[in-house]
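File shown: entry10.cif. Contents: mmCIF, C-alpha atoms.
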```
data_final
#
loop_
_atom_site.label_atom_id
_atom_site.label_comp_id
_atom_site.auth_asym_id
_atom_site.auth_seq_id
_atom_site.Cartn_x
_atom_site.Cartn_y
_atom_site.Cartn_z
CA MET F 21 145.94 360.47 246.85
CA ASN F 22 143.81 358.88 249.51
CA LYS F 23 144.15 355.09 249.78
CA SER F 24 140.39 354.66 249.36
CA ASN F 25 140.55 356.40 245.96
CA LEU F 26 143.03 353.92 244.55
CA PRO F 27 141.67 351.34 242.10
CA ASP F 28 142.19 347.66 242.77
CA ARG F 29 145.06 345.93 241.04
CA LEU F 30 144.03 344.01 237.96
CA THR F 31 143.66 340.27 238.53
CA ILE F 32 143.21 337.22 236.33
CA ASP F 33 139.81 336.35 237.80
CA ARG F 34 138.29 339.85 237.55
CA THR F 35 139.57 341.06 234.18
CA VAL F 36 137.97 340.99 230.72
CA LEU F 37 139.63 342.27 227.54
CA VAL F 38 137.47 344.29 225.14
CA VAL F 39 138.81 344.63 221.57
CA VAL F 40 136.96 347.47 219.86
CA ASP F 41 136.44 347.81 216.10
CA LEU F 42 139.79 346.76 214.62
CA GLN F 43 138.28 346.52 211.15
CA GLU F 44 139.60 346.46 207.57
CA LYS F 45 138.35 349.90 206.47
CA PHE F 46 140.33 351.53 209.27
CA ARG F 47 143.63 349.85 208.39
CA ASP F 48 145.03 352.68 206.25
CA ILE F 49 143.54 355.65 208.11
CA ILE F 50 144.40 355.01 211.76
CA HIS F 51 147.56 356.63 213.10
CA GLY F 52 150.09 353.90 214.03
CA MET F 53 147.74 351.05 213.11
CA ASP F 54 150.60 348.55 212.66
CA GLN F 55 151.68 349.04 216.30
CA VAL F 56 148.08 348.91 217.53
CA LEU F 57 147.57 345.57 215.79
CA ALA F 58 150.90 344.06 216.87
CA VAL F 59 150.49 344.94 220.54
CA THR F 60 146.80 344.01 220.57
CA GLU F 61 147.69 340.64 219.08
CA ARG F 62 150.18 340.09 221.89
CA LEU F 63 147.65 341.14 224.56
CA ILE F 64 145.04 338.78 223.10
CA ARG F 65 147.47 335.84 223.18
CA PHE F 66 148.32 336.72 226.81
CA CYS F 67 144.63 336.71 227.77
CA GLN F 68 144.04 333.45 225.91
CA GLN F 69 146.91 331.77 227.78
CA LEU F 70 145.44 332.87 231.12
CA GLU F 71 141.83 332.16 230.08
CA ILE F 72 140.83 335.79 230.52
CA PRO F 73 137.60 336.41 228.54
CA ILE F 74 137.89 338.45 225.35
CA ILE F 75 134.98 340.36 223.84
CA THR F 76 135.41 341.77 220.34
CA THR F 77 133.18 344.33 218.62
CA GLU F 78 132.69 345.43 215.04
CA HIS F 79 131.14 348.78 214.23
CA TYR F 80 128.74 348.52 211.28
CA PRO F 81 130.68 345.72 209.54
CA ARG F 82 128.57 345.92 206.34
CA GLY F 83 130.07 349.34 205.71
CA LEU F 84 133.39 349.19 207.56
CA GLY F 85 134.40 345.60 206.91
CA VAL F 86 135.12 342.80 209.33
CA THR F 87 137.84 342.54 211.96
CA VAL F 88 141.32 342.39 210.43
CA PRO F 89 142.61 338.83 209.91
CA GLU F 90 145.56 339.32 212.29
CA ILE F 91 143.04 339.59 215.14
CA ARG F 92 140.25 337.43 213.75
CA ASN F 93 142.57 334.46 213.13
CA LEU F 94 143.74 334.38 216.77
CA HIS F 95 140.36 332.99 217.82
CA SER F 96 139.27 329.42 217.08
CA SER F 97 135.61 330.44 217.16
CA PHE F 98 135.48 334.14 216.35
CA ALA F 99 132.11 335.75 217.11
CA PRO F 100 132.34 339.55 217.22
CA ILE F 101 129.48 341.63 218.53
CA GLU F 102 128.09 343.93 215.86
CA LYS F 103 127.19 347.43 216.96
CA ILE F 104 126.11 350.78 215.59
CA ASP F 105 126.44 352.73 218.85
CA PHE F 106 129.81 354.40 219.33
CA SER F 107 129.83 353.15 222.93
CA CYS F 108 129.96 349.38 223.13
CA ALA F 109 127.72 349.75 226.18
CA GLY F 110 124.95 351.05 223.92
CA CYS F 111 124.64 347.54 222.53
CA ALA F 112 122.56 344.99 224.47
CA PRO F 113 124.60 341.93 223.34
CA PHE F 114 127.78 343.64 224.56
CA ASN F 115 126.27 344.39 227.96
CA LYS F 116 125.07 340.79 228.19
CA ALA F 117 128.58 339.52 227.37
CA ILE F 118 130.09 341.76 230.06
CA ASN F 119 127.49 340.66 232.62
CA ASP F 120 127.86 336.99 231.65
CA SER F 121 131.63 337.24 232.18
CA ALA F 122 130.99 338.21 235.82
CA ARG F 123 134.09 340.43 235.57
CA ASP F 124 134.33 344.01 236.78
CA GLN F 125 137.78 345.04 235.52
CA ILE F 126 137.63 346.09 231.87
CA ILE F 127 140.71 346.49 229.66
CA LEU F 128 140.00 348.40 226.46
CA CYS F 129 141.98 348.28 223.24
CA GLY F 130 141.14 349.25 219.67
CA ILE F 131 139.88 352.32 217.87
CA GLU F 132 139.09 355.16 217.88
CA ALA F 133 140.45 356.49 221.17
CA HIS F 134 138.41 359.71 221.13
CA VAL F 135 135.15 358.09 220.02
CA CYS F 136 134.32 354.42 220.69
CA ILE F 137 137.04 353.76 223.28
CA TYR F 138 136.27 356.97 225.19
CA GLN F 139 132.49 356.51 225.11
CA THR F 140 132.76 352.85 226.13
CA ALA F 141 135.12 353.74 229.00
CA PHE F 142 132.74 356.48 230.17
CA ASP F 143 129.74 354.13 230.15
CA MET F 144 131.64 351.27 231.82
CA LEU F 145 132.68 353.66 234.62
CA ARG F 146 129.04 354.72 235.01
CA GLN F 147 128.16 351.03 235.38
CA GLY F 148 130.61 350.75 238.28
CA LYS F 149 133.35 348.93 236.39
CA GLN F 150 137.06 349.56 236.85
CA VAL F 151 138.38 350.57 233.44
CA SER F 152 141.91 350.46 232.05
CA VAL F 153 143.08 351.36 228.59
CA ALA F 154 146.15 349.76 227.04
CA VAL F 155 147.56 352.96 225.56
CA ASP F 156 149.81 351.20 223.06
CA THR F 157 146.78 349.35 221.64
CA VAL F 158 144.55 352.35 220.94
CA SER F 159 144.64 355.08 218.34
CA SER F 160 142.57 357.41 216.18
CA CYS F 161 142.78 358.84 212.67
CA SER F 162 145.17 361.45 214.04
CA ALA F 163 147.67 361.48 216.89
CA ALA F 164 145.97 364.61 218.23
CA ASN F 165 142.58 362.90 218.52
CA ARG F 166 144.25 359.87 220.16
CA ASP F 167 145.85 362.15 222.75
CA ILE F 168 142.61 364.04 223.38
CA GLY F 169 140.77 360.76 223.95
CA LEU F 170 143.42 359.42 226.33
CA ARG F 171 143.56 362.69 228.26
CA ARG F 172 139.78 362.83 228.67
CA MET F 173 139.63 359.22 229.83
CA ALA F 174 142.37 359.90 232.40
CA GLU F 175 140.32 362.87 233.70
CA LEU F 176 137.41 360.48 234.26
CA GLY F 177 139.54 357.99 236.21
CA VAL F 178 140.40 355.46 233.50
CA GLN F 179 143.77 353.85 234.19
CA SER F 180 146.25 354.33 231.34
CA MET F 181 148.89 351.62 231.06
CA GLY F 182 150.97 349.97 228.39
CA ALA F 183 150.08 346.40 227.47
CA GLN F 184 153.20 344.98 229.12
CA MET F 185 152.46 346.94 232.30
CA LEU F 186 148.92 345.50 232.31
CA MET F 187 150.27 341.99 231.85
CA PHE F 188 152.69 342.26 234.75
CA GLU F 189 150.01 343.78 236.98
CA ILE F 190 147.61 340.93 236.19
CA LEU F 191 150.30 338.35 236.94
CA GLY F 192 151.31 339.98 240.23
CA LYS F 193 154.45 337.90 240.70
CA ALA F 194 156.99 335.68 238.97
CA GLY F 195 157.52 332.00 239.58
CA THR F 196 153.89 330.93 239.19
CA ALA F 197 152.58 328.49 236.58
CA GLN F 198 150.76 331.37 234.88
CA PHE F 199 153.94 333.43 234.74
CA LYS F 200 155.83 330.53 233.13
CA ASP F 201 153.00 330.09 230.59
CA VAL F 202 153.30 333.68 229.36
CA ALA F 203 157.00 334.42 229.97
CA ALA F 204 157.82 334.40 226.26
CA LEU F 205 155.02 336.88 225.52
CA LEU F 206 156.33 339.25 228.17
CA LYS F 207 159.67 339.46 226.35
CA GLU F 208 158.20 340.34 222.93
#
```

As structure tokens - that is how I would like this structure written.
Amino acid sequence: MNKSNLPDRLTIDRTVLVVVDLQEKFRDIIHGMDQVLAVTERLIRFCQQLEIPIITTEHYPRGLGVTVPEIRNLHSSFAPIEKIDFSCAGCAPFNKAINDSARDQIILCGIEAHVCIYQTAFDMLRQGKQVSVAVDTVSSCSAANRDIGLRRMAELGVQSMGAQMLMFEILGKAGTAQFKDVAALLKE
């Protein structure tokens, strides 16, 4: 691979975490939802410690319920962005939140990998953003659809990494104040 084709490393000052549609009605139908929630919870706490912005969406909450309490209760002032588009980027308030963050490195987590995560990743790439997906924080109703979504995103140039891998990449090195702040999270 040519050096010029390599994406930049993720950094604290350029990254934003996007938590997509982790809602009550999906709890019992998403493959591996317990792991998705546990690892997403950890990634959110990591971002909070480092003051990395977090944007959360809810897809049609009147029909699909609100964000699960495990995620909702992590935020002191929880204000999810409601959407009806599968792609978060189809929603003006989401685009405003991304633009207001002044960040160009997007980390995606949530559901469903082959629908909302994939379409959001595609649109964020088209907007010139660098997109990563935390593979252990995304799923779909079936493992097959999850894998199809992840494979298609990889074909488009989305970086696939585990949450811990993302955390270490963002930190860059040990021994810093930030590293000490999140050291316990890295061991979970």

Would you kindly identify which residues have an atom no farther than 9 Å from (147.6, 344.7, 235.6), using all atoms listed in the file and the file's own coordinates, and write them out as a PDB file with C-alpha atoms, in the frame of the given file?
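Now in selection.pdb:
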```pdb
ATOM      1  CA  ARG F  29     145.060 345.930 241.040  1.00  0.00           C
ATOM      2  CA  LEU F  30     144.030 344.010 237.960  1.00  0.00           C
ATOM      3  CA  THR F  31     143.660 340.270 238.530  1.00  0.00           C
ATOM      4  CA  ILE F  32     143.210 337.220 236.330  1.00  0.00           C
ATOM      5  CA  THR F  35     139.570 341.060 234.180  1.00  0.00           C
ATOM      6  CA  SER F 152     141.910 350.460 232.050  1.00  0.00           C
ATOM      7  CA  MET F 181     148.890 351.620 231.060  1.00  0.00           C
ATOM      8  CA  ALA F 183     150.080 346.400 227.470  1.00  0.00           C
ATOM      9  CA  GLN F 184     153.200 344.980 229.120  1.00  0.00           C
ATOM     10  CA  MET F 185     152.460 346.940 232.300  1.00  0.00           C
ATOM     11  CA  LEU F 186     148.920 345.500 232.310  1.00  0.00           C
ATOM     12  CA  MET F 187     150.270 341.990 231.850  1.00  0.00           C
ATOM     13  CA  PHE F 188     152.690 342.260 234.750  1.00  0.00           C
ATOM     14  CA  GLU F 189     150.010 343.780 236.980  1.00  0.00           C
ATOM     15  CA  ILE F 190     147.610 340.930 236.190  1.00  0.00           C
ATOM     16  CA  LEU F 191     150.300 338.350 236.940  1.00  0.00           C
ATOM     17  CA  GLY F 192     151.310 339.980 240.230  1.00  0.00           C
TER      18      GLY F 192
END
```

When the PyMOL selection byres ((chain F and resi 157-163) around 12) is applied to the structure above, which residues does it catch, written out as a PyMOL selection string? chain F and resi 37-42+45-64+127-138+152-156+164-170+180-184+186

Atom pair CA of Asp124 (chain F) / CA of Phe66 (chain F): separation (Å):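 Here the two named atoms are 18.7 Å from each other.
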
So how many Å separate CA of Gly177 (chain F) and CA of Gly110 (chain F), to one decimal?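 One can read the CA of Gly177 (chain F) to CA of Gly110 (chain F) distance as 20.3 Å.
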
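The two atoms in question, CA of Cys111 (chain F) and CA of Gly148 (chain F), are spaced 17.1 Å apart.
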
For Ala109 (chain F), find every residue with an atom within 7 Å (counting all atoms listed in the file), except residues of its own chain fewer than 5 positions away, and show them as an mmCIF file with C-alpha atoms, in the frame of the given file.
```cif
data_model
loop_
_atom_site.group_PDB
_atom_site.id
_atom_site.type_symbol
_atom_site.label_atom_id
_atom_site.label_comp_id
_atom_site.auth_asym_id
_atom_site.auth_seq_id
_atom_site.Cartn_x
_atom_site.Cartn_y
_atom_site.Cartn_z
ATOM 1 C CA PHE F 114 127.780 343.640 224.560
ATOM 2 C CA ASN F 115 126.270 344.390 227.960
ATOM 3 C CA THR F 140 132.760 352.850 226.130
ATOM 4 C CA ASP F 143 129.740 354.130 230.150
#
```

Under the rule that only C-alpha atoms are counted, which of F:Ser97, F:Ser121, F:Thr77, F:Gln179 is the nearest residue to Asp28 (chain F)?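 That would be F:Gln179, the residue with the smallest distance to Asp28 (chain F).
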
Carefully work through the PyMOL selection byres ((chain F and resi 201-206) around 7) for this structure and note down the residues it includes, as a count of residues only. 10

Determine, counting all atoms listed in the file, which protein, DNA and RNA residues have an atom within 12 Å of an atom of Ala122 (chain F); residues of the same chain fewer than 2 positions away are not included. Present the result as a compact mmCIF listing (two decimals) with C-alpha atoms, in the frame of the given file.
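Result file is result_2.txt:
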```txt
# COMPACT_ATOMS: atom_id res chain seq x y z
CA ASP F 33 139.81 336.35 237.80
CA ARG F 34 138.29 339.85 237.55
CA THR F 35 139.57 341.06 234.18
CA VAL F 36 137.97 340.99 230.72
CA ILE F 72 140.83 335.79 230.52
CA PRO F 73 137.60 336.41 228.54
CA ASN F 115 126.27 344.39 227.96
CA LYS F 116 125.07 340.79 228.19
CA ALA F 117 128.58 339.52 227.37
CA ILE F 118 130.09 341.76 230.06
CA ASN F 119 127.49 340.66 232.62
CA ASP F 120 127.86 336.99 231.65
CA ASP F 124 134.33 344.01 236.78
CA GLN F 125 137.78 345.04 235.52
CA ILE F 126 137.63 346.09 231.87
CA LYS F 149 133.35 348.93 236.39
```

Determine the nearest neighbour of Gln43 (chain F) from the options F:Leu94, F:Met144, F:Leu84, F:Ala112, counting only C-alpha atoms.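 Comparing F:Leu94, F:Met144, F:Leu84, F:Ala112 against Gln43 (chain F), the winner is F:Leu84.
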
Pick the closest to Arg92 (chain F) from F:Glu71, F:Gly195, F:Arg123, F:Arg65: which is it, counting all atoms listed in the file?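 Of the candidates, the smallest distance to Arg92 (chain F) is held by F:Arg65.
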
Centre and edges of the region 74-77 of chain F box, axis-aligned, 4 Å extra per side, as AutoDock Vina command-line options:
```
--center_x 135.5 --center_y 341.4 --center_z 222.0 --size_x 12.7 --size_y 13.9 --size_z 14.7
```

Nearest to Ser107 (chain F): which of F:Cys67, F:Leu26, F:Val86, F:Ala141 is it, counting only C-alpha atoms?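 Of the candidates, the smallest distance to Ser107 (chain F) is held by F:Ala141.
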
Can you tell me which residues surround Leu176 (chain F) at a distance of at most 9 Å, considering all atoms listed in the file, apart from same-chain residues fewer than 4 positions away, and format the answer as a PyMOL selection string? chain F and resi 141-142+145+171-172
